[in-house]
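Participant: What follows is my_file05.txt, compact mmCIF, N, CA and C atoms.
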```
# COMPACT_ATOMS: atom_id res chain seq x y z
N MET A 1 0.84 -1.18 0.00
CA MET A 1 0.00 0.00 0.00
C MET A 1 0.88 1.24 0.00
N LYS A 2 0.68 2.10 -0.94
CA LYS A 2 1.48 3.31 -1.05
C LYS A 2 0.84 4.44 -0.26
N ARG A 3 1.68 5.20 0.43
CA ARG A 3 1.19 6.37 1.14
C ARG A 3 1.23 7.56 0.19
N GLU A 4 0.13 8.25 0.11
CA GLU A 4 0.06 9.44 -0.73
C GLU A 4 0.06 10.66 0.16
N ASN A 5 0.30 11.80 -0.44
CA ASN A 5 0.30 13.08 0.26
C ASN A 5 1.41 13.19 1.30
N LEU A 6 2.46 12.42 1.15
CA LEU A 6 3.61 12.58 2.02
C LEU A 6 4.25 13.93 1.74
N SER A 7 4.70 14.59 2.77
CA SER A 7 5.43 15.84 2.55
C SER A 7 6.92 15.51 2.54
N VAL A 8 7.61 16.03 1.53
CA VAL A 8 9.02 15.74 1.33
C VAL A 8 9.78 17.05 1.22
N LEU A 9 10.61 17.33 2.21
CA LEU A 9 11.45 18.52 2.20
C LEU A 9 12.73 18.18 1.45
N ILE A 10 13.06 19.00 0.46
CA ILE A 10 14.21 18.75 -0.41
C ILE A 10 15.25 19.84 -0.22
N LEU A 11 16.47 19.42 0.12
CA LEU A 11 17.61 20.34 0.17
C LEU A 11 18.65 19.80 -0.80
N GLU A 12 18.59 20.30 -2.01
CA GLU A 12 19.44 19.86 -3.13
C GLU A 12 19.93 21.11 -3.85
N PRO A 13 21.25 21.35 -3.87
CA PRO A 13 21.77 22.58 -4.46
C PRO A 13 21.69 22.65 -5.99
N ASN A 14 21.61 21.51 -6.65
CA ASN A 14 21.53 21.49 -8.11
C ASN A 14 20.09 21.72 -8.54
N ALA A 15 19.82 22.85 -9.19
CA ALA A 15 18.46 23.23 -9.55
C ALA A 15 17.79 22.20 -10.46
N LEU A 16 18.52 21.68 -11.44
CA LEU A 16 17.95 20.68 -12.35
C LEU A 16 17.58 19.42 -11.59
N GLN A 17 18.48 18.94 -10.74
CA GLN A 17 18.21 17.73 -9.96
C GLN A 17 17.01 17.96 -9.03
N CYS A 18 16.95 19.13 -8.44
CA CYS A 18 15.84 19.48 -7.55
C CYS A 18 14.52 19.46 -8.31
N ASP A 19 14.50 20.02 -9.51
CA ASP A 19 13.28 20.03 -10.32
C ASP A 19 12.85 18.61 -10.71
N LEU A 20 13.81 17.76 -11.04
CA LEU A 20 13.48 16.37 -11.39
C LEU A 20 12.87 15.64 -10.20
N ILE A 21 13.43 15.85 -9.02
CA ILE A 21 12.89 15.24 -7.81
C ILE A 21 11.48 15.75 -7.55
N LYS A 22 11.33 17.04 -7.64
CA LYS A 22 10.02 17.67 -7.40
C LYS A 22 8.96 17.10 -8.33
N LEU A 23 9.26 17.01 -9.62
CA LEU A 23 8.30 16.48 -10.59
C LEU A 23 7.95 15.02 -10.30
N ALA A 24 8.95 14.23 -9.93
CA ALA A 24 8.69 12.82 -9.61
C ALA A 24 7.78 12.69 -8.40
N LEU A 25 8.01 13.52 -7.40
CA LEU A 25 7.18 13.47 -6.20
C LEU A 25 5.75 13.89 -6.50
N ILE A 26 5.59 14.95 -7.26
CA ILE A 26 4.25 15.42 -7.62
C ILE A 26 3.51 14.34 -8.42
N ARG A 27 4.23 13.72 -9.35
CA ARG A 27 3.63 12.66 -10.17
C ARG A 27 3.10 11.51 -9.31
N HIS A 28 3.72 11.31 -8.14
CA HIS A 28 3.32 10.22 -7.24
C HIS A 28 2.51 10.73 -6.05
N ARG A 29 1.90 11.89 -6.24
CA ARG A 29 0.99 12.48 -5.25
C ARG A 29 1.65 12.76 -3.91
N MET A 30 2.90 13.17 -3.97
CA MET A 30 3.59 13.61 -2.76
C MET A 30 3.72 15.13 -2.81
N ASN A 31 3.93 15.73 -1.67
CA ASN A 31 3.99 17.18 -1.56
C ASN A 31 5.44 17.63 -1.36
N PRO A 32 6.12 18.08 -2.43
CA PRO A 32 7.51 18.54 -2.27
C PRO A 32 7.55 19.94 -1.66
N ILE A 33 8.50 20.12 -0.77
CA ILE A 33 8.77 21.42 -0.15
C ILE A 33 10.25 21.70 -0.42
N ILE A 34 10.53 22.80 -1.07
CA ILE A 34 11.91 23.11 -1.45
C ILE A 34 12.55 24.00 -0.38
N CYS A 35 13.75 23.61 0.00
CA CYS A 35 14.58 24.43 0.88
C CYS A 35 15.86 24.68 0.09
N ASP A 36 16.12 25.93 -0.25
CA ASP A 36 17.24 26.20 -1.15
C ASP A 36 18.53 26.61 -0.45
N GLN A 37 18.52 26.71 0.87
CA GLN A 37 19.72 27.11 1.60
C GLN A 37 19.88 26.26 2.87
N PRO A 38 21.08 25.74 3.11
CA PRO A 38 21.30 24.97 4.33
C PRO A 38 20.94 25.74 5.60
N LEU A 39 21.20 27.05 5.61
CA LEU A 39 20.90 27.85 6.79
C LEU A 39 19.40 27.96 7.06
N ALA A 40 18.58 27.72 6.04
CA ALA A 40 17.13 27.81 6.19
C ALA A 40 16.50 26.48 6.63
N LEU A 41 17.28 25.41 6.65
CA LEU A 41 16.72 24.09 6.93
C LEU A 41 16.09 24.02 8.32
N ARG A 42 16.76 24.49 9.32
CA ARG A 42 16.23 24.45 10.69
C ARG A 42 14.86 25.13 10.76
N GLU A 43 14.77 26.30 10.15
CA GLU A 43 13.52 27.06 10.17
C GLU A 43 12.41 26.29 9.44
N ARG A 44 12.75 25.70 8.30
CA ARG A 44 11.75 24.94 7.53
C ARG A 44 11.25 23.74 8.32
N LEU A 45 12.16 23.09 9.05
CA LEU A 45 11.76 21.95 9.86
C LEU A 45 10.87 22.37 11.03
N MET A 46 11.09 23.56 11.53
CA MET A 46 10.26 24.06 12.63
C MET A 46 8.89 24.52 12.12
N GLU A 47 8.83 25.00 10.87
CA GLU A 47 7.55 25.42 10.27
C GLU A 47 6.68 24.21 9.94
N ASN A 48 7.29 23.20 9.40
CA ASN A 48 6.60 21.98 8.97
C ASN A 48 7.34 20.80 9.59
N THR A 49 6.64 19.74 9.82
CA THR A 49 7.31 18.49 10.17
C THR A 49 7.12 17.57 8.98
N PRO A 50 8.09 17.58 8.06
CA PRO A 50 7.91 16.75 6.86
C PRO A 50 8.01 15.27 7.20
N ASP A 51 7.37 14.46 6.37
CA ASP A 51 7.49 13.01 6.52
C ASP A 51 8.88 12.55 6.14
N VAL A 52 9.46 13.23 5.14
CA VAL A 52 10.75 12.84 4.58
C VAL A 52 11.59 14.08 4.34
N LEU A 53 12.89 13.93 4.56
CA LEU A 53 13.87 14.96 4.19
C LEU A 53 14.85 14.33 3.23
N LEU A 54 14.97 14.90 2.04
CA LEU A 54 15.99 14.50 1.06
C LEU A 54 17.08 15.55 1.13
N ILE A 55 18.30 15.13 1.42
CA ILE A 55 19.38 16.10 1.57
C ILE A 55 20.64 15.60 0.90
N ASP A 56 21.29 16.48 0.17
CA ASP A 56 22.56 16.18 -0.47
C ASP A 56 23.64 16.15 0.61
N THR A 57 24.62 15.29 0.43
CA THR A 57 25.71 15.24 1.41
C THR A 57 26.68 16.40 1.24
N HIS A 58 26.72 16.99 0.05
CA HIS A 58 27.62 18.10 -0.22
C HIS A 58 26.82 19.33 -0.60
N LEU A 59 26.75 20.25 0.34
CA LEU A 59 25.99 21.49 0.16
C LEU A 59 26.96 22.65 0.14
N PRO A 60 26.59 23.75 -0.47
CA PRO A 60 27.49 24.91 -0.51
C PRO A 60 27.86 25.38 0.91
N GLY A 61 29.11 25.18 1.26
CA GLY A 61 29.60 25.60 2.57
C GLY A 61 29.23 24.69 3.73
N TRP A 62 28.60 23.57 3.44
CA TRP A 62 28.15 22.67 4.50
C TRP A 62 28.36 21.21 4.11
N ASN A 63 28.50 20.39 5.11
CA ASN A 63 28.49 18.95 4.95
C ASN A 63 27.10 18.49 5.39
N GLY A 64 26.35 17.88 4.49
CA GLY A 64 24.99 17.46 4.81
C GLY A 64 24.92 16.49 5.97
N LEU A 65 25.90 15.60 6.09
CA LEU A 65 25.92 14.65 7.20
C LEU A 65 26.07 15.38 8.53
N ASP A 66 26.99 16.35 8.57
CA ASP A 66 27.19 17.11 9.81
C ASP A 66 25.95 17.92 10.17
N LEU A 67 25.30 18.47 9.17
CA LEU A 67 24.09 19.26 9.40
C LEU A 67 23.00 18.38 10.01
N ILE A 68 22.82 17.19 9.47
CA ILE A 68 21.80 16.28 10.00
C ILE A 68 22.17 15.82 11.41
N GLU A 69 23.43 15.57 11.64
CA GLU A 69 23.87 15.18 12.98
C GLU A 69 23.52 16.26 14.00
N GLN A 70 23.73 17.51 13.62
CA GLN A 70 23.40 18.63 14.50
C GLN A 70 21.88 18.72 14.73
N LEU A 71 21.11 18.56 13.67
CA LEU A 71 19.65 18.63 13.79
C LEU A 71 19.10 17.46 14.60
N ASN A 72 19.73 16.29 14.47
CA ASN A 72 19.33 15.14 15.29
C ASN A 72 19.55 15.43 16.77
N SER A 73 20.64 16.09 17.09
CA SER A 73 20.92 16.41 18.49
C SER A 73 19.93 17.41 19.05
N GLU A 74 19.29 18.17 18.17
CA GLU A 74 18.28 19.13 18.59
C GLU A 74 16.87 18.53 18.50
N VAL A 75 16.77 17.28 18.18
CA VAL A 75 15.52 16.53 18.09
C VAL A 75 14.54 17.14 17.08
N LEU A 76 15.07 17.73 16.02
CA LEU A 76 14.21 18.32 14.99
C LEU A 76 13.78 17.31 13.93
N LEU A 77 14.37 16.13 13.97
CA LEU A 77 14.07 15.14 12.94
C LEU A 77 13.45 13.87 13.51
N SER A 78 12.91 13.95 14.71
CA SER A 78 12.42 12.75 15.38
C SER A 78 11.27 12.07 14.63
N ARG A 79 10.50 12.82 13.85
CA ARG A 79 9.37 12.23 13.12
C ARG A 79 9.58 12.31 11.61
N THR A 80 10.81 12.52 11.17
CA THR A 80 11.11 12.68 9.75
C THR A 80 12.13 11.63 9.31
N LYS A 81 11.83 10.96 8.20
CA LYS A 81 12.78 10.00 7.64
C LYS A 81 13.76 10.76 6.76
N VAL A 82 15.05 10.53 6.98
CA VAL A 82 16.09 11.24 6.24
C VAL A 82 16.68 10.31 5.18
N PHE A 83 16.73 10.83 3.95
CA PHE A 83 17.39 10.15 2.84
C PHE A 83 18.51 11.05 2.36
N PHE A 84 19.71 10.52 2.33
CA PHE A 84 20.84 11.27 1.77
C PHE A 84 20.96 10.95 0.29
N ILE A 85 21.33 11.96 -0.47
CA ILE A 85 21.60 11.78 -1.89
C ILE A 85 22.98 12.37 -2.17
N SER A 86 23.72 11.72 -3.05
CA SER A 86 25.07 12.20 -3.34
C SER A 86 25.60 11.56 -4.62
N SER A 87 26.49 12.28 -5.26
CA SER A 87 27.18 11.69 -6.41
C SER A 87 28.45 10.96 -5.94
N LEU A 88 28.80 11.14 -4.68
CA LEU A 88 29.97 10.49 -4.10
C LEU A 88 29.54 9.55 -2.99
N ALA A 89 29.49 8.28 -3.28
CA ALA A 89 29.03 7.30 -2.30
C ALA A 89 30.19 6.49 -1.74
N PHE A 90 31.11 7.19 -1.11
CA PHE A 90 32.22 6.49 -0.47
C PHE A 90 31.68 5.63 0.66
N PRO A 91 32.22 4.43 0.84
CA PRO A 91 31.69 3.53 1.88
C PRO A 91 31.63 4.17 3.27
N GLU A 92 32.62 4.97 3.63
CA GLU A 92 32.60 5.59 4.96
C GLU A 92 31.47 6.61 5.10
N VAL A 93 31.11 7.27 3.99
CA VAL A 93 30.01 8.24 4.02
C VAL A 93 28.67 7.51 4.16
N VAL A 94 28.50 6.45 3.38
CA VAL A 94 27.27 5.66 3.44
C VAL A 94 27.13 5.03 4.83
N HIS A 95 28.22 4.53 5.38
CA HIS A 95 28.21 3.92 6.71
C HIS A 95 27.82 4.94 7.78
N LYS A 96 28.38 6.15 7.68
CA LYS A 96 28.05 7.19 8.64
C LYS A 96 26.56 7.54 8.56
N ALA A 97 26.03 7.62 7.35
CA ALA A 97 24.60 7.92 7.17
C ALA A 97 23.75 6.82 7.82
N ALA A 98 24.14 5.57 7.63
CA ALA A 98 23.40 4.45 8.22
C ALA A 98 23.46 4.51 9.75
N LYS A 99 24.64 4.80 10.30
CA LYS A 99 24.80 4.90 11.75
C LYS A 99 23.95 6.03 12.33
N MET A 100 23.71 7.07 11.55
CA MET A 100 22.92 8.21 12.00
C MET A 100 21.43 7.90 11.96
N GLY A 101 21.06 6.75 11.41
CA GLY A 101 19.65 6.37 11.35
C GLY A 101 18.94 6.80 10.08
N ALA A 102 19.70 7.13 9.05
CA ALA A 102 19.08 7.52 7.78
C ALA A 102 18.22 6.38 7.23
N ALA A 103 17.15 6.74 6.58
CA ALA A 103 16.27 5.74 5.96
C ALA A 103 16.85 5.22 4.66
N GLY A 104 17.78 5.97 4.08
CA GLY A 104 18.39 5.52 2.84
C GLY A 104 19.46 6.46 2.33
N PHE A 105 20.19 5.97 1.35
CA PHE A 105 21.26 6.71 0.70
C PHE A 105 21.15 6.39 -0.78
N LEU A 106 20.94 7.39 -1.59
CA LEU A 106 20.79 7.19 -3.03
C LEU A 106 21.88 7.93 -3.77
N VAL A 107 22.36 7.32 -4.83
CA VAL A 107 23.46 7.87 -5.62
C VAL A 107 22.92 8.59 -6.85
N LYS A 108 23.50 9.77 -7.11
CA LYS A 108 23.16 10.55 -8.30
C LYS A 108 23.92 10.00 -9.49
N PRO A 109 23.40 10.11 -10.67
CA PRO A 109 22.10 10.73 -10.97
C PRO A 109 20.98 9.84 -10.46
N LEU A 110 19.99 10.48 -9.87
CA LEU A 110 18.88 9.76 -9.27
C LEU A 110 17.94 9.20 -10.32
N ASP A 111 17.47 8.02 -10.05
CA ASP A 111 16.38 7.43 -10.81
C ASP A 111 15.12 7.84 -10.04
N PRO A 112 14.29 8.73 -10.60
CA PRO A 112 13.13 9.23 -9.86
C PRO A 112 12.18 8.13 -9.37
N ASP A 113 12.00 7.09 -10.18
CA ASP A 113 11.10 6.01 -9.78
C ASP A 113 11.69 5.21 -8.61
N LEU A 114 13.01 5.01 -8.63
CA LEU A 114 13.67 4.33 -7.52
C LEU A 114 13.55 5.16 -6.24
N LEU A 115 13.73 6.46 -6.36
CA LEU A 115 13.59 7.35 -5.21
C LEU A 115 12.21 7.21 -4.59
N VAL A 116 11.18 7.30 -5.40
CA VAL A 116 9.80 7.21 -4.91
C VAL A 116 9.56 5.83 -4.29
N SER A 117 10.05 4.81 -4.93
CA SER A 117 9.90 3.45 -4.41
C SER A 117 10.55 3.31 -3.04
N ARG A 118 11.75 3.84 -2.89
CA ARG A 118 12.46 3.76 -1.61
C ARG A 118 11.72 4.53 -0.51
N ILE A 119 11.15 5.66 -0.87
CA ILE A 119 10.38 6.42 0.12
C ILE A 119 9.18 5.61 0.57
N HIS A 120 8.43 5.07 -0.38
CA HIS A 120 7.25 4.26 -0.03
C HIS A 120 7.66 3.05 0.82
N THR A 121 8.71 2.38 0.41
CA THR A 121 9.16 1.18 1.12
C THR A 121 9.58 1.51 2.55
N SER A 122 10.16 2.68 2.76
CA SER A 122 10.61 3.04 4.11
C SER A 122 9.45 3.15 5.09
N PHE A 123 8.25 3.39 4.58
CA PHE A 123 7.07 3.45 5.45
C PHE A 123 6.42 2.09 5.65
N LYS A 124 6.88 1.10 4.88
CA LYS A 124 6.35 -0.26 5.02
C LYS A 124 7.19 -1.10 5.98
N SER A 125 8.48 -0.77 6.07
CA SER A 125 9.37 -1.60 6.87
C SER A 125 10.28 -0.73 7.71
N ALA A 126 10.86 -1.35 8.71
CA ALA A 126 11.76 -0.61 9.59
C ALA A 126 13.16 -0.49 9.00
N SER A 127 13.49 -1.33 8.04
CA SER A 127 14.84 -1.29 7.50
C SER A 127 14.97 -0.24 6.41
N GLY A 128 16.09 0.42 6.40
CA GLY A 128 16.36 1.43 5.38
C GLY A 128 17.03 0.80 4.17
N TYR A 129 17.21 1.60 3.15
CA TYR A 129 17.83 1.12 1.94
C TYR A 129 19.00 1.99 1.59
N PHE A 130 20.09 1.35 1.32
CA PHE A 130 21.30 2.07 0.93
C PHE A 130 21.78 1.50 -0.38
N GLN A 131 21.94 2.37 -1.35
CA GLN A 131 22.34 1.99 -2.71
C GLN A 131 23.85 1.97 -2.76
```
Write the structure described by the file as structure tokens, please.

Facilitator:
Amino acid sequence: MKRENLSVLILEPNALQCDLIKLALIRHRMNPIICDQPLALRERLMENTPDVLLIDTHLPGWNGLDLIEQLNSEVLLSRTKVFFISSLAFPEVVHKAAKMGAAGFLVKPLDPDLLVSRIHTSFKSASGYFQ
């Protein structure tokens, strides 16, 4: 059973990649919320409690993993599933994401259908998916 109307907060610095993600989510009846600056993420999480956060590991001036670690310590992500996306899937980065409790790690270029499938699957089972 697929969950519809999930809210998905996206922090992806590449505008084209962000648009592709947004279109895929809309096509699958999900509600994309765009966050275009790492410094705005905390505020966006406080405004909305998204079901899912998609975040790049490499953001302008920030490390996405470190940012999530900080937000986890502030308990801002307690009800949000985090998926990391990156073009660099070094084993130590993927392992760190898994240790942080991420629901998944997807490698760019993203397959939009795989992304949507992983999001849906994360709500069916307790185990995350790492590509």

Participant: Mind checking which residues fall within 10 Å of Leu67 (chain A), counting only C-alpha atoms, ignoring those fewer than 3 positions away in the same chain, and posting them as number ranges by chain?

Facilitator: A: 38-39, 41-42, 55, 57, 59, 62-64, 70-72

Participant: Closest to Ser7 (chain A) among A:Val75, A:Leu114, A:Val52, A:Ala97, using only N, CA and C atoms?

Facilitator: A:Val52

Participant: Considering only C-alpha atoms, state which residue in the set A:Leu65, A:Leu76, A:Ile26, A:Leu54 is at the smallest distance from Ala103 (chain A).

Facilitator: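 Ranking A:Leu65, A:Leu76, A:Ile26, A:Leu54 by distance to Ala103 (chain A), first place goes to A:Leu54.
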
Participant: From the set A:Asp111, A:Glu69, A:Glu74, A:Asp56, which residue has the shortest atom-to-atom contact distance to Ser87 (chain A), counting only N, CA and C atoms?

Facilitator: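 Smallest distance to Ser87 (chain A) is found for A:Asp56.
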
Participant: Could you check which of A:Leu53, A:Leu23, A:Leu77, A:Met30 is closest to Phe105 (chain A), using only C-alpha atoms?

Facilitator: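 The closest residue to Phe105 (chain A) is A:Leu53.
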
Participant: Could you tell me how far atom N of Leu11 (chain A) sits from CA of Ala40 (chain A), in Å to one decimal place?

Facilitator: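 Atom N of Leu11 (chain A) lies at a distance of 10.4 Å from CA of Ala40 (chain A).
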
Participant: Atom N of Phe83 (chain A) and CA of Asn5 (chain A), how far apart in Å?

Facilitator: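 About the pair CA of Asn5 (chain A) and atom N of Phe83 (chain A): they are 17.0 Å apart.
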
Participant: Which residues come within 9 Å of Ile34 (chain A), counting only C-alpha atoms, excluding same-chain residues fewer than 3 positions away, as a ChimeraX atom specification?

Facilitator: /A:8-12,18,22

Participant: Work out how far CA of Asp51 (chain A) is from CA of Ser86 (chain A), in Å to one decimal.

Facilitator: 20.2 Å

Participant: List as a ChimeraX atom specification the protein and nucleic acid residues near Pro112 (chain A), meaning an atom at most 7 Å away when all atoms listed in the file are counted, but skip any in the same chain fewer than 2 places from it.

Facilitator: /A:20-21,24,109-110,114-117

Participant: Quick one: residues within 6 Å of Arg29 (chain A), only N, CA and C atoms, excluding same-chain residues fewer than 2 positions away - as a list in words?

Facilitator: Glu4, Asn5, Leu6, Leu25, Ile26, Arg27 and Asn31 of chain A

Participant: Please return as a PyMOL selection string: the residues of chain A that backbone DSSP assigns to helix (DSSP H, G or I).

Facilitator: chain A and resi 15-27+38-47+64-73+91-99+112-122

Participant: Can you spit out the residues from that selection as a short mmCIF file (atom, residue, chain, number, x, y, z; two decimals), in the frame of the given file, using N, CA and C atoms?

Facilitator:
```cif
data_model
loop_
_atom_site.label_atom_id
_atom_site.label_comp_id
_atom_site.auth_asym_id
_atom_site.auth_seq_id
_atom_site.Cartn_x
_atom_site.Cartn_y
_atom_site.Cartn_z
N ALA A 15 19.82 22.85 -9.19
CA ALA A 15 18.46 23.23 -9.55
C ALA A 15 17.79 22.20 -10.46
N LEU A 16 18.52 21.68 -11.44
CA LEU A 16 17.95 20.68 -12.35
C LEU A 16 17.58 19.42 -11.59
N GLN A 17 18.48 18.94 -10.74
CA GLN A 17 18.21 17.73 -9.96
C GLN A 17 17.01 17.96 -9.03
N CYS A 18 16.95 19.13 -8.44
CA CYS A 18 15.84 19.48 -7.55
C CYS A 18 14.52 19.46 -8.31
N ASP A 19 14.50 20.02 -9.51
CA ASP A 19 13.28 20.03 -10.32
C ASP A 19 12.85 18.61 -10.71
N LEU A 20 13.81 17.76 -11.04
CA LEU A 20 13.48 16.37 -11.39
C LEU A 20 12.87 15.64 -10.20
N ILE A 21 13.43 15.85 -9.02
CA ILE A 21 12.89 15.24 -7.81
C ILE A 21 11.48 15.75 -7.55
N LYS A 22 11.33 17.04 -7.64
CA LYS A 22 10.02 17.67 -7.40
C LYS A 22 8.96 17.10 -8.33
N LEU A 23 9.26 17.01 -9.62
CA LEU A 23 8.30 16.48 -10.59
C LEU A 23 7.95 15.02 -10.30
N ALA A 24 8.95 14.23 -9.93
CA ALA A 24 8.69 12.82 -9.61
C ALA A 24 7.78 12.69 -8.40
N LEU A 25 8.01 13.52 -7.40
CA LEU A 25 7.18 13.47 -6.20
C LEU A 25 5.75 13.89 -6.50
N ILE A 26 5.59 14.95 -7.26
CA ILE A 26 4.25 15.42 -7.62
C ILE A 26 3.51 14.34 -8.42
N ARG A 27 4.23 13.72 -9.35
CA ARG A 27 3.63 12.66 -10.17
C ARG A 27 3.10 11.51 -9.31
N PRO A 38 21.08 25.74 3.11
CA PRO A 38 21.30 24.97 4.33
C PRO A 38 20.94 25.74 5.60
N LEU A 39 21.20 27.05 5.61
CA LEU A 39 20.90 27.85 6.79
C LEU A 39 19.40 27.96 7.06
N ALA A 40 18.58 27.72 6.04
CA ALA A 40 17.13 27.81 6.19
C ALA A 40 16.50 26.48 6.63
N LEU A 41 17.28 25.41 6.65
CA LEU A 41 16.72 24.09 6.93
C LEU A 41 16.09 24.02 8.32
N ARG A 42 16.76 24.49 9.32
CA ARG A 42 16.23 24.45 10.69
C ARG A 42 14.86 25.13 10.76
N GLU A 43 14.77 26.30 10.15
CA GLU A 43 13.52 27.06 10.17
C GLU A 43 12.41 26.29 9.44
N ARG A 44 12.75 25.70 8.30
CA ARG A 44 11.75 24.94 7.53
C ARG A 44 11.25 23.74 8.32
N LEU A 45 12.16 23.09 9.05
CA LEU A 45 11.76 21.95 9.86
C LEU A 45 10.87 22.37 11.03
N MET A 46 11.09 23.56 11.53
CA MET A 46 10.26 24.06 12.63
C MET A 46 8.89 24.52 12.12
N GLU A 47 8.83 25.00 10.87
CA GLU A 47 7.55 25.42 10.27
C GLU A 47 6.68 24.21 9.94
N GLY A 64 26.35 17.88 4.49
CA GLY A 64 24.99 17.46 4.81
C GLY A 64 24.92 16.49 5.97
N LEU A 65 25.90 15.60 6.09
CA LEU A 65 25.92 14.65 7.20
C LEU A 65 26.07 15.38 8.53
N ASP A 66 26.99 16.35 8.57
CA ASP A 66 27.19 17.11 9.81
C ASP A 66 25.95 17.92 10.17
N LEU A 67 25.30 18.47 9.17
CA LEU A 67 24.09 19.26 9.40
C LEU A 67 23.00 18.38 10.01
N ILE A 68 22.82 17.19 9.47
CA ILE A 68 21.80 16.28 10.00
C ILE A 68 22.17 15.82 11.41
N GLU A 69 23.43 15.57 11.64
CA GLU A 69 23.87 15.18 12.98
C GLU A 69 23.52 16.26 14.00
N GLN A 70 23.73 17.51 13.62
CA GLN A 70 23.40 18.63 14.50
C GLN A 70 21.88 18.72 14.73
N LEU A 71 21.11 18.56 13.67
CA LEU A 71 19.65 18.63 13.79
C LEU A 71 19.10 17.46 14.60
N ASN A 72 19.73 16.29 14.47
CA ASN A 72 19.33 15.14 15.29
C ASN A 72 19.55 15.43 16.77
N SER A 73 20.64 16.09 17.09
CA SER A 73 20.92 16.41 18.49
C SER A 73 19.93 17.41 19.05
N PRO A 91 32.22 4.43 0.84
CA PRO A 91 31.69 3.53 1.88
C PRO A 91 31.63 4.17 3.27
N GLU A 92 32.62 4.97 3.63
CA GLU A 92 32.60 5.59 4.96
C GLU A 92 31.47 6.61 5.10
N VAL A 93 31.11 7.27 3.99
CA VAL A 93 30.01 8.24 4.02
C VAL A 93 28.67 7.51 4.16
N VAL A 94 28.50 6.45 3.38
CA VAL A 94 27.27 5.66 3.44
C VAL A 94 27.13 5.03 4.83
N HIS A 95 28.22 4.53 5.38
CA HIS A 95 28.21 3.92 6.71
C HIS A 95 27.82 4.94 7.78
N LYS A 96 28.38 6.15 7.68
CA LYS A 96 28.05 7.19 8.64
C LYS A 96 26.56 7.54 8.56
N ALA A 97 26.03 7.62 7.35
CA ALA A 97 24.60 7.92 7.17
C ALA A 97 23.75 6.82 7.82
N ALA A 98 24.14 5.57 7.63
CA ALA A 98 23.40 4.45 8.22
C ALA A 98 23.46 4.51 9.75
N LYS A 99 24.64 4.80 10.30
CA LYS A 99 24.80 4.90 11.75
C LYS A 99 23.95 6.03 12.33
N PRO A 112 14.29 8.73 -10.60
CA PRO A 112 13.13 9.23 -9.86
C PRO A 112 12.18 8.13 -9.37
N ASP A 113 12.00 7.09 -10.18
CA ASP A 113 11.10 6.01 -9.78
C ASP A 113 11.69 5.21 -8.61
N LEU A 114 13.01 5.01 -8.63
CA LEU A 114 13.67 4.33 -7.52
C LEU A 114 13.55 5.16 -6.24
N LEU A 115 13.73 6.46 -6.36
CA LEU A 115 13.59 7.35 -5.21
C LEU A 115 12.21 7.21 -4.59
N VAL A 116 11.18 7.30 -5.40
CA VAL A 116 9.80 7.21 -4.91
C VAL A 116 9.56 5.83 -4.29
N SER A 117 10.05 4.81 -4.93
CA SER A 117 9.90 3.45 -4.41
C SER A 117 10.55 3.31 -3.04
N ARG A 118 11.75 3.84 -2.89
CA ARG A 118 12.46 3.76 -1.61
C ARG A 118 11.72 4.53 -0.51
N ILE A 119 11.15 5.66 -0.87
CA ILE A 119 10.38 6.42 0.12
C ILE A 119 9.18 5.61 0.57
N HIS A 120 8.43 5.07 -0.38
CA HIS A 120 7.25 4.26 -0.03
C HIS A 120 7.66 3.05 0.82
N THR A 121 8.71 2.38 0.41
CA THR A 121 9.16 1.18 1.12
C THR A 121 9.58 1.51 2.55
N SER A 122 10.16 2.68 2.76
CA SER A 122 10.61 3.04 4.11
C SER A 122 9.45 3.15 5.09
#
```

Participant: Going by DSSP on the backbone, which bits of chain A are strand (DSSP E or B)? Write them as a ChimeraX atom specification, please.

Facilitator: /A:7-11,31-34,52-56,58-59,62-63,81-86,104-107,129-130

Participant: Which protein, DNA or RNA residues are at most 6 Å from (19.8, 9.3, 0.9) in the file's coordinates when you count all atoms listed in the file, listed as a list in words?

Facilitator: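 Every polymer residue passing the test: Val82, Phe83, Phe84, Ile85, Gly104, Phe105 and Leu106 of chain A.
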
Participant: Write out N, CA, C and O atoms for region 72-77 of chain A, as a PDB file, in the coordinates of the input.

Facilitator:
```pdb
ATOM      1  N   ASN A  72      19.730  16.290  14.470  1.00  0.00           N
ATOM      2  CA  ASN A  72      19.330  15.140  15.290  1.00  0.00           C
ATOM      3  C   ASN A  72      19.550  15.430  16.770  1.00  0.00           C
ATOM      4  O   ASN A  72      18.728  15.055  17.602  1.00  0.00           O
ATOM      5  N   SER A  73      20.640  16.090  17.090  1.00  0.00           N
ATOM      6  CA  SER A  73      20.920  16.410  18.490  1.00  0.00           C
ATOM      7  C   SER A  73      19.930  17.410  19.050  1.00  0.00           C
ATOM      8  O   SER A  73      19.713  17.481  20.251  1.00  0.00           O
ATOM      9  N   GLU A  74      19.290  18.170  18.170  1.00  0.00           N
ATOM     10  CA  GLU A  74      18.280  19.130  18.590  1.00  0.00           C
ATOM     11  C   GLU A  74      16.870  18.530  18.500  1.00  0.00           C
ATOM     12  O   GLU A  74      15.882  19.235  18.706  1.00  0.00           O
ATOM     13  N   VAL A  75      16.770  17.280  18.180  1.00  0.00           N
ATOM     14  CA  VAL A  75      15.520  16.530  18.090  1.00  0.00           C
ATOM     15  C   VAL A  75      14.540  17.140  17.080  1.00  0.00           C
ATOM     16  O   VAL A  75      13.330  17.073  17.245  1.00  0.00           O
ATOM     17  N   LEU A  76      15.070  17.730  16.020  1.00  0.00           N
ATOM     18  CA  LEU A  76      14.210  18.320  14.990  1.00  0.00           C
ATOM     19  C   LEU A  76      13.780  17.310  13.930  1.00  0.00           C
ATOM     20  O   LEU A  76      12.938  17.605  13.107  1.00  0.00           O
ATOM     21  N   LEU A  77      14.370  16.130  13.970  1.00  0.00           N
ATOM     22  CA  LEU A  77      14.070  15.140  12.940  1.00  0.00           C
ATOM     23  C   LEU A  77      13.450  13.870  13.510  1.00  0.00           C
ATOM     24  O   LEU A  77      13.441  12.838  12.860  1.00  0.00           O
TER      25      LEU A  77
END
```
